[in-house]
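The data block below is run_14.tsv; it holds TSV, C-alpha atoms and all ligand atoms.
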```tsv
chain	number	residue	atom	x	y	z
B	47	MET	CA	7.60	-21.95	6.32
B	48	ILE	CA	8.00	-20.96	2.67
B	49	THR	CA	4.98	-21.62	0.46
B	50	VAL	CA	5.47	-22.39	-3.23
B	51	ALA	CA	2.71	-22.28	-5.87
B	52	LEU	CA	3.33	-24.65	-8.76
B	53	ALA	CA	1.40	-24.72	-12.02
B	54	LYS	CA	-0.11	-28.18	-12.35
B	55	GLY	CA	1.04	-29.99	-15.49
B	56	ARG	CA	4.04	-29.58	-17.74
B	57	LEU	CA	6.04	-27.14	-15.62
B	58	ALA	CA	5.62	-28.65	-12.14
B	59	GLN	CA	7.86	-31.66	-12.77
B	60	LYS	CA	10.70	-29.53	-14.11
B	61	ALA	CA	10.33	-27.05	-11.25
B	62	ILE	CA	10.60	-29.92	-8.75
B	63	GLU	CA	13.79	-31.14	-10.46
B	64	VAL	CA	15.39	-27.69	-10.14
B	65	LEU	CA	14.41	-27.40	-6.47
B	66	GLU	CA	15.85	-30.86	-5.77
B	67	LYS	CA	19.14	-29.71	-7.29
B	68	CYS	CA	19.00	-26.87	-4.74
B	69	GLY	CA	18.95	-29.45	-1.94
B	70	LEU	CA	15.24	-29.76	-1.14
B	71	GLY	CA	13.98	-33.28	-0.38
B	72	LEU	CA	10.89	-33.58	-2.51
B	73	ASP	CA	10.07	-37.30	-2.67
B	74	GLY	CA	6.79	-36.48	-0.92
B	75	LEU	CA	5.70	-34.53	-4.01
B	76	LYS	CA	6.04	-37.52	-6.30
B	77	VAL	CA	3.29	-39.65	-4.76
B	78	ASP	CA	0.07	-40.20	-6.67
B	79	THR	CA	-2.36	-38.23	-4.55
B	80	ARG	CA	-5.27	-35.83	-4.85
B	81	LYS	CA	-3.93	-33.73	-1.98
B	82	LEU	CA	-3.46	-30.11	-3.03
B	83	VAL	CA	-0.99	-29.21	-0.27
B	84	LEU	CA	2.24	-31.19	0.10
B	85	TYR	CA	5.46	-30.68	2.08
B	86	ASP	CA	9.18	-31.23	1.55
B	87	ASP	CA	11.02	-33.74	3.78
B	88	SER	CA	12.07	-31.08	6.29
B	89	GLY	CA	8.57	-29.61	6.59
B	90	GLU	CA	10.02	-26.15	5.91
B	91	TYR	CA	8.51	-25.82	2.44
B	92	ARG	CA	4.83	-26.12	1.63
B	93	PHE	CA	3.73	-26.70	-1.98
B	94	VAL	CA	0.35	-25.89	-3.44
B	95	PHE	CA	-0.62	-27.19	-6.87
B	96	VAL	CA	-2.92	-24.85	-8.76
B	97	LYS	CA	-4.10	-24.08	-12.29
B	98	PRO	CA	-1.34	-22.19	-14.15
B	99	SER	CA	-3.43	-19.03	-14.46
B	100	ASP	CA	-3.95	-18.99	-10.68
B	101	VAL	CA	-0.22	-19.03	-9.77
B	102	PRO	CA	0.16	-15.23	-10.17
B	103	THR	CA	-2.93	-14.70	-7.99
B	104	TYR	CA	-1.57	-16.83	-5.11
B	105	VAL	CA	1.78	-15.05	-5.29
B	106	GLU	CA	0.31	-11.53	-5.57
B	107	ARG	CA	-1.95	-12.17	-2.56
B	108	GLY	CA	0.99	-13.46	-0.53
B	109	VAL	CA	-0.43	-16.88	0.30
B	110	ALA	CA	2.48	-18.22	-1.74
B	111	ASP	CA	5.94	-16.66	-1.34
B	112	PHE	CA	6.95	-17.67	-4.81
B	113	GLY	CA	5.74	-19.66	-7.77
B	114	VAL	CA	6.71	-21.12	-11.11
B	115	VAL	CA	4.62	-20.23	-14.13
B	116	GLY	CA	4.96	-19.79	-17.89
B	117	LYS	CA	5.72	-16.35	-19.33
B	118	ASP	CA	2.57	-16.70	-21.46
B	119	THR	CA	0.39	-17.02	-18.36
B	120	LEU	CA	2.30	-14.22	-16.68
B	121	LEU	CA	1.80	-11.76	-19.54
B	122	GLU	CA	-1.88	-12.59	-19.65
B	123	ALA	CA	-2.34	-12.27	-15.86
B	124	ASP	CA	-0.61	-8.86	-15.53
B	125	ARG	CA	-0.21	-9.08	-11.73
B	126	ASP	CA	1.79	-7.00	-9.25
B	127	ILE	CA	4.55	-9.56	-8.61
B	128	TYR	CA	8.30	-9.77	-9.20
B	129	GLU	CA	9.40	-11.80	-12.19
B	130	MET	CA	12.78	-12.83	-10.78
B	131	LEU	CA	14.25	-15.46	-13.07
B	132	ASP	CA	13.94	-17.07	-16.46
B	133	LEU	CA	14.16	-20.75	-15.49
B	134	LYS	CA	15.02	-21.73	-19.08
B	135	PHE	CA	12.69	-24.71	-19.28
B	136	GLY	CA	9.20	-25.02	-20.75
B	137	GLY	CA	10.34	-23.08	-23.81
B	138	CYS	CA	7.70	-22.29	-26.43
B	139	ARG	CA	6.66	-19.47	-28.76
B	140	MET	CA	3.54	-17.33	-28.67
B	141	CYS	CA	2.44	-17.14	-32.29
B	142	VAL	CA	-0.25	-15.97	-34.68
B	143	CYS	CA	-1.25	-19.11	-36.59
B	144	GLY	CA	-3.65	-20.09	-39.31
B	145	TYR	CA	-3.73	-21.49	-42.82
B	146	PRO	CA	-0.93	-20.12	-45.03
B	147	ASP	CA	-3.45	-17.87	-46.82
B	148	SER	CA	-5.64	-17.01	-43.81
B	149	LEU	CA	-4.56	-13.36	-43.56
B	150	GLU	CA	-5.12	-12.63	-47.28
B	151	LYS	CA	-8.40	-14.51	-47.42
B	152	ALA	CA	-10.07	-13.00	-44.36
B	153	GLY	CA	-12.51	-10.28	-45.33
B	154	GLY	CA	-13.36	-7.42	-42.95
B	155	ILE	CA	-12.36	-7.57	-39.31
B	156	LEU	CA	-10.02	-10.49	-38.48
B	157	ARG	CA	-11.54	-13.01	-36.09
B	158	VAL	CA	-8.89	-14.23	-33.63
B	159	GLY	CA	-9.45	-17.33	-31.49
B	160	THR	CA	-7.27	-17.44	-28.37
B	161	LYS	CA	-6.84	-18.36	-24.73
B	162	TYR	CA	-4.66	-15.23	-24.46
B	163	GLU	CA	-7.14	-12.39	-24.89
B	164	LYS	CA	-4.92	-9.66	-23.44
B	165	ILE	CA	-1.77	-10.69	-25.33
B	166	ALA	CA	-3.72	-10.86	-28.62
B	167	ARG	CA	-5.44	-7.51	-28.03
B	168	GLU	CA	-2.11	-5.79	-27.28
B	169	TYR	CA	-0.31	-7.43	-30.21
B	170	PHE	CA	-2.85	-6.37	-32.83
B	171	GLY	CA	-3.52	-3.04	-31.07
B	172	ALA	CA	0.18	-2.13	-31.34
B	173	ARG	CA	-0.08	-2.77	-35.10
B	174	GLY	CA	-3.19	-0.65	-35.46
B	175	LYS	CA	-5.35	-3.61	-36.40
B	176	THR	CA	-8.92	-3.90	-35.22
B	177	VAL	CA	-9.69	-7.52	-34.47
B	178	ASP	CA	-12.57	-9.55	-33.11
B	179	ILE	CA	-11.12	-11.57	-30.22
B	180	ILE	CA	-12.91	-14.84	-29.54
B	181	LYS	CA	-11.92	-16.10	-26.09
B	182	LEU	CA	-11.50	-19.88	-25.93
B	183	ASN	CA	-10.32	-22.15	-23.13
B	184	GLY	CA	-8.55	-24.87	-25.12
B	185	SER	CA	-8.29	-26.70	-28.45
B	186	VAL	CA	-7.82	-23.27	-30.00
B	187	GLU	CA	-6.54	-24.76	-33.28
B	188	LEU	CA	-10.07	-25.88	-33.99
B	189	GLY	CA	-11.05	-22.23	-34.66
B	190	PRO	CA	-9.76	-21.88	-38.24
B	191	VAL	CA	-10.46	-25.56	-39.00
B	192	ILE	CA	-14.14	-25.28	-38.24
B	193	GLY	CA	-14.58	-21.63	-39.21
B	194	LEU	CA	-15.03	-20.10	-35.76
B	195	SER	CA	-12.02	-17.80	-36.29
B	196	ASP	CA	-9.77	-16.72	-39.18
B	197	ILE	CA	-6.56	-17.14	-37.18
B	198	ILE	CA	-5.43	-17.97	-33.65
B	199	VAL	CA	-2.94	-16.62	-31.12
B	200	ASP	CA	-1.54	-19.54	-29.16
B	201	ILE	CA	1.60	-21.17	-27.86
B	202	VAL	CA	3.54	-23.43	-30.18
B	203	GLU	CA	5.88	-25.93	-28.57
B	204	SER	CA	6.68	-28.86	-30.89
B	205	GLY	CA	4.40	-27.57	-33.67
B	206	LYS	CA	2.68	-30.97	-33.85
B	207	THR	CA	-0.82	-29.68	-33.08
B	208	LEU	CA	-0.55	-27.10	-35.87
B	209	GLU	CA	0.80	-29.68	-38.30
B	210	ALA	CA	-1.88	-32.24	-37.46
B	211	ASN	CA	-4.54	-29.66	-38.27
B	212	GLY	CA	-2.99	-28.23	-41.44
B	213	LEU	CA	-2.10	-24.90	-39.81
B	214	THR	CA	1.15	-22.96	-39.75
B	215	VAL	CA	2.88	-20.11	-37.88
B	216	LEU	CA	2.12	-16.78	-39.60
B	217	GLU	CA	3.78	-14.35	-37.15
B	218	GLU	CA	5.74	-14.67	-33.91
B	219	VAL	CA	4.56	-12.65	-30.93
B	220	CYS	CA	7.23	-13.56	-28.33
B	221	ASP	CA	9.29	-16.37	-26.79
B	222	CYS	CA	7.98	-17.86	-23.57
B	223	SER	CA	9.52	-20.09	-20.87
B	224	ALA	CA	9.00	-20.84	-17.19
B	225	ARG	CA	9.55	-17.93	-14.81
B	226	LEU	CA	10.17	-17.70	-11.08
B	227	VAL	CA	7.73	-15.16	-9.66
B	228	VAL	CA	8.00	-13.80	-6.13
B	229	ASN	CA	5.68	-11.94	-3.76
B	230	ARG	CA	6.85	-8.37	-3.18
B	231	VAL	CA	6.73	-8.50	0.63
B	232	SER	CA	8.31	-11.97	0.87
B	233	LEU	CA	11.22	-10.78	-1.25
B	234	LYS	CA	11.98	-7.95	1.17
B	235	THR	CA	11.42	-9.85	4.41
B	236	ASN	CA	12.40	-13.48	3.94
B	237	ASP	CA	16.17	-14.11	3.97
B	238	ARG	CA	15.78	-17.87	3.48
B	239	LEU	CA	13.82	-17.18	0.34
B	240	LEU	CA	16.64	-14.99	-1.00
B	241	GLU	CA	19.14	-17.78	-0.27
B	242	LEU	CA	16.96	-20.25	-2.17
B	243	ILE	CA	16.64	-17.88	-5.14
B	244	ASP	CA	20.44	-17.62	-5.28
B	245	LYS	CA	20.70	-21.42	-5.31
B	246	ILE	CA	18.08	-21.64	-8.06
B	247	LYS	CA	20.11	-19.13	-10.10
B	248	GLU	CA	23.16	-21.41	-9.77
B	249	ASN	CA	21.17	-24.45	-10.86
B	250	ILE	CA	19.49	-23.23	-14.03
B	251	GLY	CA	21.03	-23.82	-17.44
K	301	LIG	C1	-1.15	-26.16	-25.92
K	301	LIG	C2	-1.38	-25.08	-26.95
K	301	LIG	C3	-1.40	-25.84	-28.23
K	301	LIG	C4	-0.41	-26.96	-27.97
K	301	LIG	C5	0.91	-26.65	-28.61
K	301	LIG	O1	-2.36	-26.77	-25.64
K	301	LIG	O2	-2.57	-24.37	-26.69
K	301	LIG	O3	-2.68	-26.36	-28.50
K	301	LIG	O4	-0.25	-27.07	-26.55
K	301	LIG	O5	1.83	-27.70	-28.42
K	301	LIG	P1	2.58	-28.38	-29.65
K	301	LIG	O6	3.14	-27.28	-30.48
K	301	LIG	O7	3.65	-29.20	-28.98
K	301	LIG	O8	1.61	-29.23	-30.40
K	301	LIG	P2	-2.57	-27.71	-24.39
K	301	LIG	O9	-1.87	-29.02	-24.62
K	301	LIG	O10	-2.17	-26.99	-23.15
K	301	LIG	O11	-4.12	-28.04	-24.42
K	301	LIG	P3	-5.38	-27.11	-24.69
K	301	LIG	O12	-5.53	-27.00	-26.15
K	301	LIG	O13	-6.51	-27.84	-24.06
K	301	LIG	O14	-5.13	-25.79	-24.04
```

For this file, write the structure as structure tokens.
Amino acid sequence: MITVALAKGRLAQKAIEVLEKCGLGLDGLKVDTRKLVLYDDSGEYRFVFVKPSDVPTYVERGVADFGVVGKDTLLEADRDIYEMLDLKFGGCRMCVCGYPDSLEKAGGILRVGTKYEKIAREYFGARGKTVDIIKLNGSVELGPVIGLSDIIVDIVESGKTLEANGLTVLEEVCDCSARLVVNRVSLKTNDRLLELIDKIKENIG
């Protein structure tokens, strides 16, 4: 049995499509259910659906042999797991955003609203800037709009959320996309897993 941890939401559907191209029968994953553990047609693969930020934890602890998660979540989690493949979907940019004049206008220490505390701290730290990181769990764009923060560090996909709130990209931190992450022990001991990873490699863009 190979266990796969999938990030609930945007990336899961695309990950399922790639695995189907690799020959897995995954109709059982498309039913509308509140079950958190589902199986492929053969019963050889078990899928767990978890919050994106928990995927690296399941894989590091070995309860999942591999998982699919965004590079943004992976950088923030900083876990002891193998990042095997860039799956080339779920592309977005990690950016510093705000009003066009936010950086000039902010007096004193910059207040940065973000879900990505570690990424933001490292980004500004590397530039020798002392910042006040305000950890948020969502709707980060609200920070500058309502005056909670001067700027934000967040992912930008279509740019529509920024646009709708009058904000813009000020600096780019890095590109992000979905990654295949693998447990260290599973990688060394599970030949079927290696075969599947090879097939995934053949089936990504
Ligand atoms: C993410 C991100 C931005 C938005 C960017 O939020 O934090 O808010 O998507 O996408 P866009 O550039 O296509 O508009 P998410 O939808 O995950 O919700 P959240 O704000 O609750 O985290």

Problem set entry | All residues having an atom within 6 Å of ligand LIG 301 (chain K) (only C-alpha atoms and all ligand atoms) as a list in words |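 For ligand LIG 301 (chain K), the residues inside 6 Å are Gly184, Ser185, Val186, Asp200, Ile201, Val202, Glu203, Ser204, Gly205, Lys206 and Thr207 of chain B.
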
Exercise. Neighbours of Cys68 (chain B) within 12 Å (only C-alpha atoms; same-chain residues fewer than 2 positions away dropped), as a list of chain:residue names?
Worked result: B:Ala61, B:Ile62, B:Glu63, B:Val64, B:Leu65, B:Glu66, B:Leu70, B:Gly71, B:Leu72, B:Glu241, B:Leu242, B:Ile243, B:Asp244, B:Lys245, B:Ile246, B:Lys247, B:Glu248, B:Asn249, B:Ile250

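As for CA of Gly154 (chain B) and CA of Thr214 (chain B), they are spaced 21.5 Å apart.
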
Exercise. Leaving out Gly89 (chain B) and any residue of its chain fewer than 3 positions from it, which residues lie within 12 Å of it when counting all atoms listed in the file, given as a PyMOL selection string?
Worked result: chain B and resi 47-49+70-72+74+83-86+92-93

For this session: Show which residues sit within 12 Å of Val94 (chain B), as a ChimeraX atom specification. Count all atoms listed in the file, and ignore same-chain residues fewer than 2 positions away.
Result: /B:48-54,58,75,80-86,91-92,96-98,100-101,104-105,109-114

Exercise. For Ala123 (chain B), which of B:Pro102, B:Gly55, B:Gly171, B:Gly193 is the closest residue, counting only C-alpha atoms?
Worked result: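 Of all the options, B:Pro102 lies closest to Ala123 (chain B).
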
Give the padded box for region 233-244 of chain B as JSON: axis-aligned, covering all atoms listed in the file, 8 Å on each side, centre and edge lengths in Å to one decimal.
```
{"center_x": 15.8, "center_y": -14.1, "center_z": -0.4, "size_x": 25.2, "size_y": 28.3, "size_z": 25.7}
```

Problem set entry | Among the residues B:Thr103, B:Pro190, B:Ala152, B:Cys220, the one that comes closest to Tyr169 (chain B) [using all atoms listed in the file] |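 That would be B:Cys220, the residue with the smallest distance to Tyr169 (chain B).
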
Problem set entry | Residue nearest Pro146 (chain B) among B:Asp178, B:Asp221, B:Asp196, B:Asp87 (counting all atoms listed in the file) |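 Among the listed residues, the smallest separation from Pro146 (chain B) belongs to B:Asp196.
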
Problem set entry | Shortest interatomic distance to Phe170 (chain B) - which of B:Glu217, B:Ile192, B:Gly137, B:Leu240, counting only C-alpha atoms |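 Answer, going by the shortest atom-to-atom distance: B:Glu217.
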
Exercise. If you count all atoms listed in the file, which residues fall within 10 Å of Met130 (chain B), apart from same-chain ones fewer than 2 positions away, as a PyMOL selection string?
Worked result: chain B and resi 112+127-128+132-133+225-228+233+243+247

Exercise. In Å, how far is it from CA of Leu131 (chain B) to CA of Glu168 (chain B)?
Worked result: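 Those two atoms sit 23.7 Å apart.
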
Problem set entry | Residues near region 155-157 of chain B, cut-off 12 Å, only C-alpha atoms, skip fewer than 3 positions along chain, as a PyMOL selection string | chain B and resi 142-144+148-152+160+166-167+170+175-181+189-190+193-199

For this session: Quick one: pull the distance between CA of Arg230 (chain B) and CA of Arg56 (chain B), Å, one decimal.
Result: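 Separation between CA of Arg230 (chain B) and CA of Arg56 (chain B): 25.9 Å.
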